[in-house]
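With PDB, C-alpha atoms, pLDDT in the B column inside, this is input-v4.pdb:
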```
MODEL        1
ATOM      1  CA  MET A   1      25.327  -9.684 -11.061  1.00 56.00           C
ATOM      2  CA  SER A   2      21.536  -9.637 -11.246  1.00 81.00           C
ATOM      3  CA  ARG A   3      19.460  -8.237  -8.408  1.00 93.00           C
ATOM      4  CA  ASP A   4      16.018  -9.066  -7.100  1.00 96.00           C
ATOM      5  CA  ARG A   5      13.424  -6.595  -8.395  1.00 97.00           C
ATOM      6  CA  ILE A   6      11.008  -4.966  -5.932  1.00 98.00           C
ATOM      7  CA  ALA A   7       7.995  -2.938  -7.092  1.00 98.00           C
ATOM      8  CA  LEU A   8       6.377  -0.559  -4.582  1.00 98.00           C
ATOM      9  CA  ILE A   9       2.737   0.592  -4.855  1.00 98.00           C
ATOM     10  CA  HIS A  10       1.651   3.565  -2.701  1.00 98.00           C
ATOM     11  CA  GLY A  11      -1.641   4.273  -0.917  1.00 98.00           C
ATOM     12  CA  VAL A  12      -4.630   6.397  -1.890  1.00 98.00           C
ATOM     13  CA  GLY A  13      -3.911  10.094  -2.333  1.00 97.00           C
ATOM     14  CA  LEU A  14      -0.151   9.559  -2.130  1.00 98.00           C
ATOM     15  CA  ASP A  15       2.496   9.048  -4.816  1.00 98.00           C
ATOM     16  CA  GLY A  16       5.873   7.450  -5.349  1.00 97.00           C
ATOM     17  CA  SER A  17       7.589  10.012  -3.124  1.00 97.00           C
ATOM     18  CA  MET A  18       6.252   8.260  -0.001  1.00 97.00           C
ATOM     19  CA  TRP A  19       8.786   5.468  -0.615  1.00 98.00           C
ATOM     20  CA  GLY A  20      11.819   7.785  -0.379  1.00 96.00           C
ATOM     21  CA  PRO A  21      12.806   6.865   3.212  1.00 96.00           C
ATOM     22  CA  LEU A  22      12.362   3.125   2.573  1.00 97.00           C
ATOM     23  CA  ARG A  23      14.337   3.129  -0.677  1.00 97.00           C
ATOM     24  CA  GLU A  24      17.439   4.225   1.219  1.00 96.00           C
ATOM     25  CA  PHE A  25      17.408   0.845   2.960  1.00 97.00           C
ATOM     26  CA  LEU A  26      16.677  -1.196  -0.213  1.00 98.00           C
ATOM     27  CA  GLU A  27      19.036   0.311  -2.770  1.00 96.00           C
ATOM     28  CA  PRO A  28      21.462  -0.577  -4.255  1.00 93.00           C
ATOM     29  CA  GLU A  29      21.025  -4.206  -3.106  1.00 95.00           C
ATOM     30  CA  TYR A  30      17.652  -4.363  -4.879  1.00 97.00           C
ATOM     31  CA  ASP A  31      16.365  -3.078  -8.199  1.00 97.00           C
ATOM     32  CA  VAL A  32      13.500  -0.884  -6.961  1.00 98.00           C
ATOM     33  CA  GLN A  33      10.591   0.100  -9.207  1.00 98.00           C
ATOM     34  CA  ILE A  34       8.018   2.680  -8.125  1.00 98.00           C
ATOM     35  CA  LEU A  35       4.518   2.037  -9.480  1.00 98.00           C
ATOM     36  CA  GLU A  36       2.100   4.963  -9.273  1.00 98.00           C
ATOM     37  CA  LEU A  37      -1.622   4.267  -9.478  1.00 98.00           C
ATOM     38  CA  LEU A  38      -4.075   5.813 -11.901  1.00 97.00           C
ATOM     39  CA  GLY A  39      -5.131   9.207 -10.593  1.00 96.00           C
ATOM     40  CA  HIS A  40      -1.887   9.700  -8.682  1.00 97.00           C
ATOM     41  CA  GLY A  41       1.521  11.258  -9.309  1.00 94.00           C
ATOM     42  CA  SER A  42       2.406  11.256 -12.994  1.00 93.00           C
ATOM     43  CA  ARG A  43      -0.390   8.868 -14.045  1.00 96.00           C
ATOM     44  CA  PRO A  44      -3.572   9.923 -15.910  1.00 96.00           C
ATOM     45  CA  LYS A  45      -6.639  10.829 -13.878  1.00 96.00           C
ATOM     46  CA  ALA A  46      -8.721   7.959 -12.568  1.00 97.00           C
ATOM     47  CA  PRO A  47     -12.150   7.816 -14.215  1.00 95.00           C
ATOM     48  CA  GLU A  48     -15.291   7.976 -12.121  1.00 95.00           C
ATOM     49  CA  GLY A  49     -16.251   4.438 -11.172  1.00 97.00           C
ATOM     50  CA  VAL A  50     -12.717   3.071 -11.565  1.00 98.00           C
ATOM     51  CA  THR A  51     -12.453  -0.485 -10.213  1.00 98.00           C
ATOM     52  CA  LEU A  52      -9.820  -2.449  -8.351  1.00 98.00           C
ATOM     53  CA  ALA A  53      -9.391  -4.611 -11.451  1.00 98.00           C
ATOM     54  CA  GLU A  54      -8.658  -1.536 -13.572  1.00 98.00           C
ATOM     55  CA  LEU A  55      -6.121  -0.166 -11.099  1.00 98.00           C
ATOM     56  CA  ALA A  56      -4.458  -3.580 -10.987  1.00 98.00           C
ATOM     57  CA  ALA A  57      -4.409  -3.985 -14.779  1.00 98.00           C
ATOM     58  CA  ASP A  58      -2.769  -0.580 -15.143  1.00 98.00           C
ATOM     59  CA  ALA A  59      -0.082  -1.572 -12.627  1.00 98.00           C
ATOM     60  CA  ALA A  60       0.438  -5.007 -14.179  1.00 98.00           C
ATOM     61  CA  GLU A  61       1.150  -3.456 -17.586  1.00 98.00           C
ATOM     62  CA  ARG A  62       4.317  -1.925 -16.118  1.00 97.00           C
ATOM     63  CA  LEU A  63       5.562  -4.986 -14.238  1.00 98.00           C
ATOM     64  CA  GLU A  64       8.195  -7.422 -15.427  1.00 95.00           C
ATOM     65  CA  PRO A  65       8.016 -11.133 -14.531  1.00 96.00           C
ATOM     66  CA  ASP A  66       9.568 -12.326 -11.279  1.00 95.00           C
ATOM     67  CA  THR A  67       8.992  -9.072  -9.383  1.00 97.00           C
ATOM     68  CA  HIS A  68       8.591  -8.953  -5.608  1.00 98.00           C
ATOM     69  CA  LEU A  69       5.419  -6.881  -5.265  1.00 98.00           C
ATOM     70  CA  VAL A  70       4.932  -4.647  -2.222  1.00 98.00           C
ATOM     71  CA  GLY A  71       1.686  -2.724  -1.797  1.00 98.00           C
ATOM     72  CA  PHE A  72       0.767  -0.195   0.892  1.00 98.00           C
ATOM     73  CA  SER A  73      -2.861   0.358   1.987  1.00 98.00           C
ATOM     74  CA  LEU A  74      -4.863   0.749  -1.277  1.00 98.00           C
ATOM     75  CA  GLY A  75      -1.690  -0.394  -3.034  1.00 98.00           C
ATOM     76  CA  ALA A  76      -1.854  -3.628  -1.036  1.00 98.00           C
ATOM     77  CA  LEU A  77      -5.333  -4.386  -2.414  1.00 98.00           C
ATOM     78  CA  VAL A  78      -4.018  -3.663  -5.911  1.00 98.00           C
ATOM     79  CA  ALA A  79      -0.999  -5.913  -5.310  1.00 98.00           C
ATOM     80  CA  GLN A  80      -3.251  -8.715  -4.063  1.00 98.00           C
ATOM     81  CA  HIS A  81      -5.338  -8.460  -7.240  1.00 98.00           C
ATOM     82  CA  VAL A  82      -2.226  -8.587  -9.422  1.00 98.00           C
ATOM     83  CA  ALA A  83      -0.892 -11.585  -7.477  1.00 98.00           C
ATOM     84  CA  ARG A  84      -4.216 -13.383  -7.887  1.00 98.00           C
ATOM     85  CA  PHE A  85      -4.754 -12.780 -11.598  1.00 98.00           C
ATOM     86  CA  ARG A  86      -1.194 -12.244 -12.897  1.00 98.00           C
ATOM     87  CA  PRO A  87       0.924 -14.615 -10.797  1.00 98.00           C
ATOM     88  CA  ASP A  88       3.299 -14.920 -13.753  1.00 97.00           C
ATOM     89  CA  LEU A  89       4.550 -11.439 -12.860  1.00 98.00           C
ATOM     90  CA  VAL A  90       4.853 -11.871  -9.092  1.00 98.00           C
ATOM     91  CA  ALA A  91       7.744 -13.596  -7.290  1.00 97.00           C
ATOM     92  CA  SER A  92       6.250 -12.745  -3.899  1.00 98.00           C
ATOM     93  CA  LEU A  93       3.596 -10.490  -2.353  1.00 98.00           C
ATOM     94  CA  VAL A  94       3.944  -8.246   0.679  1.00 98.00           C
ATOM     95  CA  SER A  95       0.858  -6.393   1.894  1.00 98.00           C
ATOM     96  CA  VAL A  96       1.852  -3.409   4.048  1.00 98.00           C
ATOM     97  CA  ALA A  97      -0.859  -1.840   6.238  1.00 98.00           C
ATOM     98  CA  SER A  98      -3.582  -3.615   4.290  1.00 98.00           C
ATOM     99  CA  VAL A  99      -7.245  -3.648   5.126  1.00 98.00           C
ATOM    100  CA  CYS A 100      -8.926  -7.034   4.961  1.00 97.00           C
ATOM    101  CA  ALA A 101     -12.544  -8.152   5.360  1.00 94.00           C
ATOM    102  CA  ARG A 102     -13.650  -5.080   7.316  1.00 95.00           C
ATOM    103  CA  THR A 103     -16.206  -5.724  10.036  1.00 94.00           C
ATOM    104  CA  SER A 104     -19.518  -3.864   9.783  1.00 95.00           C
ATOM    105  CA  GLU A 105     -18.170  -1.260  12.223  1.00 95.00           C
ATOM    106  CA  GLU A 106     -14.920  -0.849  10.273  1.00 94.00           C
ATOM    107  CA  HIS A 107     -16.857  -0.570   7.022  1.00 95.00           C
ATOM    108  CA  ALA A 108     -19.177   2.060   8.503  1.00 96.00           C
ATOM    109  CA  ALA A 109     -16.192   4.127   9.690  1.00 94.00           C
ATOM    110  CA  VAL A 110     -14.506   4.171   6.275  1.00 95.00           C
ATOM    111  CA  MET A 111     -17.779   5.026   4.541  1.00 96.00           C
ATOM    112  CA  VAL A 112     -18.061   8.096   6.794  1.00 94.00           C
ATOM    113  CA  ARG A 113     -14.573   9.118   5.631  1.00 93.00           C
ATOM    114  CA  LEU A 114     -15.580   8.504   2.006  1.00 95.00           C
ATOM    115  CA  ALA A 115     -18.619  10.760   2.382  1.00 95.00           C
ATOM    116  CA  SER A 116     -16.446  13.439   3.990  1.00 92.00           C
ATOM    117  CA  ALA A 117     -13.975  13.224   1.081  1.00 91.00           C
ATOM    118  CA  GLY A 118     -16.819  13.953  -1.306  1.00 92.00           C
ATOM    119  CA  SER A 119     -18.105  16.961   0.638  1.00 94.00           C
ATOM    120  CA  ASP A 120     -14.935  18.604   2.000  1.00 94.00           C
ATOM    121  CA  PHE A 121     -11.683  17.460   0.404  1.00 94.00           C
ATOM    122  CA  PRO A 122      -9.308  19.792   2.351  1.00 95.00           C
ATOM    123  CA  ALA A 123     -10.837  18.643   5.649  1.00 94.00           C
ATOM    124  CA  THR A 124     -10.272  15.034   4.583  1.00 94.00           C
ATOM    125  CA  VAL A 125      -6.604  15.817   3.956  1.00 96.00           C
ATOM    126  CA  GLU A 126      -6.202  17.340   7.415  1.00 96.00           C
ATOM    127  CA  ALA A 127      -7.981  14.391   9.032  1.00 94.00           C
ATOM    128  CA  SER A 128      -5.567  12.019   7.288  1.00 95.00           C
ATOM    129  CA  ILE A 129      -2.562  14.023   8.472  1.00 96.00           C
ATOM    130  CA  ARG A 130      -3.821  13.944  12.080  1.00 94.00           C
ATOM    131  CA  ARG A 131      -4.512  10.208  11.879  1.00 93.00           C
ATOM    132  CA  TRP A 132      -1.138   9.356  10.301  1.00 95.00           C
ATOM    133  CA  TYR A 133       1.044  11.803  12.241  1.00 95.00           C
ATOM    134  CA  PRO A 134      -0.576  12.459  15.625  1.00 92.00           C
ATOM    135  CA  GLU A 135       0.881  14.925  18.095  1.00 87.00           C
ATOM    136  CA  GLY A 136       4.169  13.615  19.387  1.00 85.00           C
ATOM    137  CA  SER A 137       4.982  11.749  16.181  1.00 88.00           C
ATOM    138  CA  SER A 138       8.687  11.228  15.553  1.00 89.00           C
ATOM    139  CA  VAL A 139       8.262  12.109  11.865  1.00 93.00           C
ATOM    140  CA  PRO A 140       9.968  15.440  11.019  1.00 94.00           C
ATOM    141  CA  ALA A 141       7.670  18.413  10.436  1.00 94.00           C
ATOM    142  CA  GLU A 142       8.994  18.879   6.888  1.00 95.00           C
ATOM    143  CA  THR A 143       8.031  15.286   6.048  1.00 95.00           C
ATOM    144  CA  VAL A 144       4.528  15.840   7.423  1.00 96.00           C
ATOM    145  CA  GLU A 145       4.236  18.988   5.311  1.00 97.00           C
ATOM    146  CA  ALA A 146       5.465  17.136   2.219  1.00 97.00           C
ATOM    147  CA  THR A 147       2.750  14.522   2.736  1.00 97.00           C
ATOM    148  CA  ARG A 148       0.136  17.271   3.112  1.00 97.00           C
ATOM    149  CA  GLU A 149       1.295  18.880  -0.158  1.00 97.00           C
ATOM    150  CA  VAL A 150       1.055  15.581  -2.041  1.00 97.00           C
ATOM    151  CA  LEU A 151      -2.475  15.009  -0.735  1.00 97.00           C
ATOM    152  CA  LEU A 152      -3.628  18.533  -1.589  1.00 97.00           C
ATOM    153  CA  LYS A 153      -2.299  18.222  -5.158  1.00 96.00           C
ATOM    154  CA  ASN A 154      -4.774  15.428  -5.892  1.00 96.00           C
ATOM    155  CA  ASP A 155      -7.585  15.993  -8.321  1.00 95.00           C
ATOM    156  CA  PRO A 156     -10.557  15.670  -5.932  1.00 95.00           C
ATOM    157  CA  LYS A 157     -12.633  13.599  -8.368  1.00 95.00           C
ATOM    158  CA  SER A 158      -9.769  11.188  -9.030  1.00 96.00           C
ATOM    159  CA  PHE A 159      -9.098  10.948  -5.308  1.00 96.00           C
ATOM    160  CA  LEU A 160     -12.743  10.206  -4.573  1.00 96.00           C
ATOM    161  CA  ALA A 161     -12.889   7.507  -7.268  1.00 97.00           C
ATOM    162  CA  CYS A 162      -9.818   5.770  -5.836  1.00 98.00           C
ATOM    163  CA  TYR A 163     -10.906   6.246  -2.236  1.00 97.00           C
ATOM    164  CA  ARG A 164     -14.150   4.482  -3.099  1.00 97.00           C
ATOM    165  CA  VAL A 165     -12.090   1.496  -4.255  1.00 98.00           C
ATOM    166  CA  PHE A 166     -10.102   1.584  -1.012  1.00 98.00           C
ATOM    167  CA  ALA A 167     -13.336   1.762   1.015  1.00 97.00           C
ATOM    168  CA  THR A 168     -15.102  -1.122  -0.713  1.00 97.00           C
ATOM    169  CA  ALA A 169     -12.677  -3.409  -2.557  1.00 97.00           C
ATOM    170  CA  ASP A 170     -11.606  -5.450   0.468  1.00 97.00           C
ATOM    171  CA  ALA A 171     -15.018  -7.101   0.230  1.00 95.00           C
ATOM    172  CA  GLU A 172     -14.517  -7.658  -3.507  1.00 95.00           C
ATOM    173  CA  ILE A 173     -11.062  -9.255  -3.204  1.00 98.00           C
ATOM    174  CA  ALA A 174     -11.967 -11.371  -0.149  1.00 97.00           C
ATOM    175  CA  ALA A 175     -13.250 -14.325  -2.198  1.00 97.00           C
ATOM    176  CA  GLU A 176     -10.074 -14.310  -4.319  1.00 98.00           C
ATOM    177  CA  LEU A 177      -7.552 -14.334  -1.459  1.00 98.00           C
ATOM    178  CA  PRO A 178      -7.667 -18.138  -0.958  1.00 98.00           C
ATOM    179  CA  LEU A 179      -6.721 -18.524  -4.643  1.00 98.00           C
ATOM    180  CA  ILE A 180      -3.463 -16.537  -4.386  1.00 98.00           C
ATOM    181  CA  THR A 181      -0.592 -18.954  -4.972  1.00 98.00           C
ATOM    182  CA  VAL A 182       2.528 -16.769  -4.650  1.00 98.00           C
ATOM    183  CA  PRO A 183       4.533 -16.578  -1.393  1.00 98.00           C
ATOM    184  CA  SER A 184       2.853 -13.909   0.748  1.00 98.00           C
ATOM    185  CA  HIS A 185       3.432 -11.861   3.877  1.00 98.00           C
ATOM    186  CA  ALA A 186       1.360  -9.181   5.637  1.00 98.00           C
ATOM    187  CA  VAL A 187       2.799  -6.530   7.939  1.00 98.00           C
ATOM    188  CA  THR A 188       1.166  -3.663   9.780  1.00 98.00           C
ATOM    189  CA  GLY A 189       1.807  -1.283  12.653  1.00 97.00           C
ATOM    190  CA  GLU A 190       0.744  -2.097  16.188  1.00 97.00           C
ATOM    191  CA  LEU A 191      -0.991   1.295  16.513  1.00 95.00           C
ATOM    192  CA  ASP A 192      -2.595   1.486  13.045  1.00 95.00           C
ATOM    193  CA  PRO A 193      -6.291   2.241  13.684  1.00 91.00           C
ATOM    194  CA  GLY A 194      -7.483   1.624  10.118  1.00 92.00           C
ATOM    195  CA  SER A 195      -5.317  -1.275   8.913  1.00 96.00           C
ATOM    196  CA  THR A 196      -5.161  -3.104  12.201  1.00 96.00           C
ATOM    197  CA  PRO A 197      -3.044  -6.077  13.313  1.00 97.00           C
ATOM    198  CA  GLY A 198      -6.309  -8.025  13.337  1.00 96.00           C
ATOM    199  CA  MET A 199      -6.738  -7.312   9.628  1.00 97.00           C
ATOM    200  CA  SER A 200      -3.249  -8.626   8.873  1.00 97.00           C
ATOM    201  CA  ALA A 201      -4.112 -11.756  10.842  1.00 97.00           C
ATOM    202  CA  ARG A 202      -7.278 -12.151   8.735  1.00 97.00           C
ATOM    203  CA  LEU A 203      -5.235 -11.668   5.567  1.00 98.00           C
ATOM    204  CA  ALA A 204      -2.709 -14.285   6.649  1.00 98.00           C
ATOM    205  CA  ALA A 205      -5.542 -16.703   7.419  1.00 98.00           C
ATOM    206  CA  ALA A 206      -7.158 -16.101   4.015  1.00 98.00           C
ATOM    207  CA  ILE A 207      -4.091 -16.444   1.737  1.00 98.00           C
ATOM    208  CA  PRO A 208      -2.624 -19.968   1.726  1.00 98.00           C
ATOM    209  CA  GLY A 209       0.747 -20.050   3.469  1.00 98.00           C
ATOM    210  CA  CYS A 210       0.725 -16.310   4.190  1.00 98.00           C
ATOM    211  CA  THR A 211       2.693 -15.159   7.216  1.00 98.00           C
ATOM    212  CA  TYR A 212       2.265 -11.881   9.067  1.00 97.00           C
ATOM    213  CA  SER A 213       4.107  -9.591  11.433  1.00 97.00           C
ATOM    214  CA  VAL A 214       3.383  -6.492  13.481  1.00 98.00           C
ATOM    215  CA  ILE A 215       5.854  -3.642  13.977  1.00 97.00           C
ATOM    216  CA  SER A 216       5.680  -2.575  17.610  1.00 96.00           C
ATOM    217  CA  GLY A 217       4.680   1.048  18.224  1.00 94.00           C
ATOM    218  CA  ALA A 218       4.242   1.831  14.520  1.00 95.00           C
ATOM    219  CA  ARG A 219       1.278   3.635  12.972  1.00 95.00           C
ATOM    220  CA  HIS A 220      -0.108   3.590   9.425  1.00 96.00           C
ATOM    221  CA  MET A 221       2.711   5.384   7.614  1.00 97.00           C
ATOM    222  CA  MET A 222       5.349   2.771   8.422  1.00 96.00           C
ATOM    223  CA  PRO A 223       7.334   3.349   5.195  1.00 97.00           C
ATOM    224  CA  VAL A 224       7.901   6.941   6.374  1.00 96.00           C
ATOM    225  CA  GLU A 225       7.829   6.519  10.153  1.00 96.00           C
ATOM    226  CA  ARG A 226       9.787   3.256  10.535  1.00 96.00           C
ATOM    227  CA  PRO A 227      11.537   2.625   7.209  1.00 97.00           C
ATOM    228  CA  GLN A 228      14.450   0.599   8.530  1.00 97.00           C
ATOM    229  CA  GLU A 229      12.262  -1.829  10.467  1.00 97.00           C
ATOM    230  CA  LEU A 230       9.948  -2.220   7.500  1.00 98.00           C
ATOM    231  CA  ALA A 231      12.920  -2.756   5.180  1.00 98.00           C
ATOM    232  CA  ASN A 232      14.245  -5.440   7.516  1.00 97.00           C
ATOM    233  CA  THR A 233      10.887  -7.216   7.374  1.00 97.00           C
ATOM    234  CA  LEU A 234      10.674  -6.954   3.573  1.00 97.00           C
ATOM    235  CA  THR A 235      14.208  -8.090   2.871  1.00 96.00           C
ATOM    236  CA  ALA A 236      14.067 -11.029   5.274  1.00 97.00           C
ATOM    237  CA  PHE A 237      10.934 -12.287   3.517  1.00 97.00           C
ATOM    238  CA  ILE A 238      12.202 -11.581  -0.013  1.00 96.00           C
ATOM    239  CA  LYS A 239      15.494 -13.374   0.654  1.00 95.00           C
ATOM    240  CA  GLU A 240      13.514 -16.505   1.534  1.00 94.00           C
ATOM    241  CA  HIS A 241      11.852 -16.353  -1.886  1.00 92.00           C
ATOM    242  CA  SER A 242      14.657 -14.979  -4.040  1.00 89.00           C
ATOM    243  CA  HIS A 243      15.262 -16.530  -7.455  1.00 75.00           C
ATOM    244  CA  VAL A 244      18.552 -14.673  -7.802  1.00 62.00           C
ATOM    245  CA  ARG A 245      21.624 -16.728  -6.958  1.00 49.00           C
TER     246      ARG A 245
ENDMDL
END
```

Once you've parsed the file, please lay out its structure as C-alpha cells.
Amino acid sequence: MSRDRIALIHGVGLDGSMWGPLREFLEPEYDVQILELLGHGSRPKAPEGVTLAELAADAAERLEPDTHLVGFSLGALVAQHVARFRPDLVASLVSVASVCARTSEEHAAVMVRLASAGSDFPATVEASIRRWYPEGSSVPAETVEATREVLLKNDPKSFLACYRVFATADAEIAAELPLITVPSHAVTGELDPGSTPGMSARLAAAIPGCTYSVISGARHMMPVERPQELANTLTAFIKEHSHVR
C-alpha cells in the first residue's frame, strides 16, 4: 500500500535532527523525507550571497512529485518558494513558525540579530537557545544541549549567509504568495516572539485558500517542544489533501 510522502525542511542553523521528536508521530503511517538546506547538516557550504531561490532550487532537486512539503522558520520560506515555482512537486504546503511580511519594527529586530551573528557567533547561539528554550521550558536539558551542539557546529560564514536570507526574504517572497496554488496551511506557537500568530494570519491572508492555526502555549521550537500537537495539525491537514487511496 502506498503512503503519503512528507518532506520536512528545518530552520536556519539547525539540521535534520530537529525533526526526530516529530517523526515518531508521523512514521510509519507516512513516508518521511528530511531535506537539509545548503550550509547545514550534510549539505555543502552555502556561498556568500546565497538567495532564497538558490536554497529552494537545491531543495527542489531532491523532491519527488506529489510531496506534502513542511517547512519550519527559514525552511518555511524555502517551502513557499518551492510551492510557488515548482507546484508540480508539491501536494500541499505547511508553513510552521514562518515569518511573513515583517513590520518595520520586526525587521529592525531581526537585522540586529543578523549583525550580532556577524560579530559574535557563539553569543548568537546562546541568544537563540535562551529565546527557544527559556527558563522553565519543558524540553529536556539533553535536548537543549543537542540543539546547542548543532548550532555551534555551523560554519559561521554559511550560517551568516543563510541567516541573511531568513532576515530579508520574507519581503522578497511576499509578492509571490498570492500566486501559490497548492493547498496551504500555516501554524505557529502562541508564545513565539519571532514568528508570531499575527504573521501566520498574514500568511493565511496572502496565500489563496490558506488556513492557519495556533498551538496554545507553544514557543518557536514546536517540532521539539510540542511534537504530538504539531503532528496532529499536520496529519489532519494532509489527510484532507491526500492523493493516496

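CA of Glu27 (chain A) lies 26.5 Å from CA of Leu55 (chain A).
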
Report the closest atom pair, with its distance in Å rounded to one decimal, for each residue of region 65-183 of chain A that has an atom no farther than 8 Å from region 35-40 of chain A; count only C-alpha atoms, sort by chain and then rising residue number, and write it as a tab-separated table.
```
residue	atom	partner	partner_atom	distance
A:Gly75	CA	A:Leu37	CA	8.0
A:Asn154	CA	A:His40	CA	7.0
A:Asp155	CA	A:Gly39	CA	7.6
A:Ser158	CA	A:Gly39	CA	5.3
A:Phe159	CA	A:Gly39	CA	6.8
A:Cys162	CA	A:Gly39	CA	7.5
```

Run the PyMOL selection byres ((chain A and resi 80) around 8) against the file shown and list the residues it catches, as a ChimeraX atom specification.
/A:76-79,81-84,93,95,173,177,180

Name the residues that the PyMOL selection byres ((chain A and resi 242) around 9) picks from the file above, as a ChimeraX atom specification, using the file's chain letters and numbers.
/A:4,68,91-92,237-241,243-245

For Val50 (chain A), which residue out of A:Ala161, A:Val150, A:Leu8, A:Val110 is the nearest one, using only C-alpha atoms?
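Smallest distance to Val50 (chain A) is found for A:Ala161.
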
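Considering the residues A:Thr235, A:Ser200, A:Ser128, A:Ser137 and counting only C-alpha atoms, Leu14 (chain A) has its shortest atom-to-atom contact with A:Ser128.
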
Please list, as a PyMOL selection string, the residues that have an atom at most 12 Å away from (8.1, 12.0, 12.7) in the coordinates of this file, counting all atoms listed in the file.
chain A and resi 21+129+132-147+218-219+221-227

Using all atoms listed in the file, which residue out of A:Gln33, A:Thr181, A:Ser98, A:Ser73 lies closest to Pro197 (chain A)?
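Smallest distance to Pro197 (chain A) is found for A:Ser98.
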
Taking all atoms listed in the file into account, name the residue in A:Leu89, A:Ala117, A:Val70, A:Val112 that is nearest to Val32 (chain A).
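Of A:Leu89, A:Ala117, A:Val70, A:Val112, the one nearest Val32 (chain A), counting all atoms listed in the file, is A:Val70.
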
For this structure, which residues satisfy the selection - the PyMOL selection byres ((chain A and resi 166) around 8) - when it is evaluated on the file as given? I want them as a list of chain:residue names.
A:Val12, A:Ser73, A:Leu74, A:Leu77, A:Cys162, A:Tyr163, A:Arg164, A:Val165, A:Ala167, A:Thr168, A:Ala169, A:Asp170

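In terms of minimum interatomic distance to Ala175 (chain A), A:Ile207 ranks closest within A:Gly198, A:Asn232, A:Ile207, A:Ala97, counting only C-alpha atoms.
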
All residues 12 Å or closer to Thr103 (chain A), only C-alpha atoms, same chain fewer than 4 positions away omitted, as a list of chain:residue names
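Here the qualifying residues turn out to be A:Val99, A:His107, A:Ala108, A:Ala109, A:Val110, A:Thr168, A:Asp170, A:Ala171, A:Gly194, A:Ser195, A:Thr196, A:Gly198, A:Met199, A:Arg202.
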
From the list A:Val182, A:Leu160, A:Cys100, A:Ser213, which residue is nearest Ser116 (chain A) when using only C-alpha atoms?
A:Leu160

Please, what distance in Å, to one decimal, runs between CA of Ser184 (chain A) and CA of Val90 (chain A)?
10.2 Å

Quick one: region 40-45 of chain A with all heavy atoms, as a PDB file, in the frame of the given file?
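For reference, rebuild03.pdb as written:
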```pdb
ATOM      1  N   HIS A  40      -2.899   9.285  -9.650  1.00 97.00           N
ATOM      2  CA  HIS A  40      -1.887   9.700  -8.682  1.00 97.00           C
ATOM      3  C   HIS A  40      -0.577  10.028  -9.397  1.00 97.00           C
ATOM      4  O   HIS A  40      -0.258   9.433 -10.428  1.00 97.00           O
ATOM      5  CB  HIS A  40      -1.625   8.582  -7.672  1.00 97.00           C
ATOM      6  CG  HIS A  40      -2.800   8.227  -6.827  1.00 97.00           C
ATOM      7  ND1 HIS A  40      -3.845   7.450  -7.277  1.00 97.00           N
ATOM      8  CD2 HIS A  40      -3.102   8.557  -5.542  1.00 97.00           C
ATOM      9  CE1 HIS A  40      -4.736   7.304  -6.299  1.00 97.00           C
ATOM     10  NE2 HIS A  40      -4.297   7.963  -5.240  1.00 97.00           N
ATOM     11  N   GLY A  41       0.193  10.953  -8.787  1.00 94.00           N
ATOM     12  CA  GLY A  41       1.521  11.258  -9.309  1.00 94.00           C
ATOM     13  C   GLY A  41       1.494  11.641 -10.768  1.00 94.00           C
ATOM     14  O   GLY A  41       0.761  12.535 -11.184  1.00 94.00           O
ATOM     15  N   SER A  42       2.282  10.931 -11.569  1.00 93.00           N
ATOM     16  CA  SER A  42       2.406  11.256 -12.994  1.00 93.00           C
ATOM     17  C   SER A  42       1.421  10.493 -13.872  1.00 93.00           C
ATOM     18  O   SER A  42       1.434  10.639 -15.092  1.00 93.00           O
ATOM     19  CB  SER A  42       3.835  10.944 -13.466  1.00 93.00           C
ATOM     20  OG  SER A  42       4.120   9.566 -13.264  1.00 93.00           O
ATOM     21  N   ARG A  43       0.548   9.684 -13.261  1.00 96.00           N
ATOM     22  CA  ARG A  43      -0.390   8.868 -14.045  1.00 96.00           C
ATOM     23  C   ARG A  43      -1.619   9.679 -14.469  1.00 96.00           C
ATOM     24  O   ARG A  43      -1.939  10.706 -13.852  1.00 96.00           O
ATOM     25  CB  ARG A  43      -0.855   7.649 -13.240  1.00 96.00           C
ATOM     26  CG  ARG A  43       0.260   6.741 -12.770  1.00 96.00           C
ATOM     27  CD  ARG A  43       1.001   6.123 -13.945  1.00 96.00           C
ATOM     28  NE  ARG A  43       0.120   5.221 -14.691  1.00 96.00           N
ATOM     29  CZ  ARG A  43       0.317   4.870 -15.957  1.00 96.00           C
ATOM     30  NH1 ARG A  43       1.330   5.374 -16.634  1.00 96.00           N
ATOM     31  NH2 ARG A  43      -0.496   4.032 -16.558  1.00 96.00           N
ATOM     32  N   PRO A  44      -2.332   9.232 -15.516  1.00 96.00           N
ATOM     33  CA  PRO A  44      -3.572   9.923 -15.910  1.00 96.00           C
ATOM     34  C   PRO A  44      -4.608   9.888 -14.789  1.00 96.00           C
ATOM     35  O   PRO A  44      -4.533   9.053 -13.884  1.00 96.00           O
ATOM     36  CB  PRO A  44      -4.054   9.098 -17.120  1.00 96.00           C
ATOM     37  CG  PRO A  44      -2.858   8.352 -17.600  1.00 96.00           C
ATOM     38  CD  PRO A  44      -2.003   8.097 -16.412  1.00 96.00           C
ATOM     39  N   LYS A  45      -5.570  10.794 -14.872  1.00 96.00           N
ATOM     40  CA  LYS A  45      -6.639  10.829 -13.878  1.00 96.00           C
ATOM     41  C   LYS A  45      -7.408   9.508 -13.864  1.00 96.00           C
ATOM     42  O   LYS A  45      -7.538   8.841 -14.890  1.00 96.00           O
ATOM     43  CB  LYS A  45      -7.608  11.980 -14.178  1.00 96.00           C
ATOM     44  CG  LYS A  45      -7.003  13.353 -13.932  1.00 96.00           C
ATOM     45  CD  LYS A  45      -8.010  14.446 -14.231  1.00 96.00           C
ATOM     46  CE  LYS A  45      -7.392  15.831 -14.009  1.00 96.00           C
ATOM     47  NZ  LYS A  45      -8.349  16.912 -14.311  1.00 96.00           N
TER      48      LYS A  45
END
```
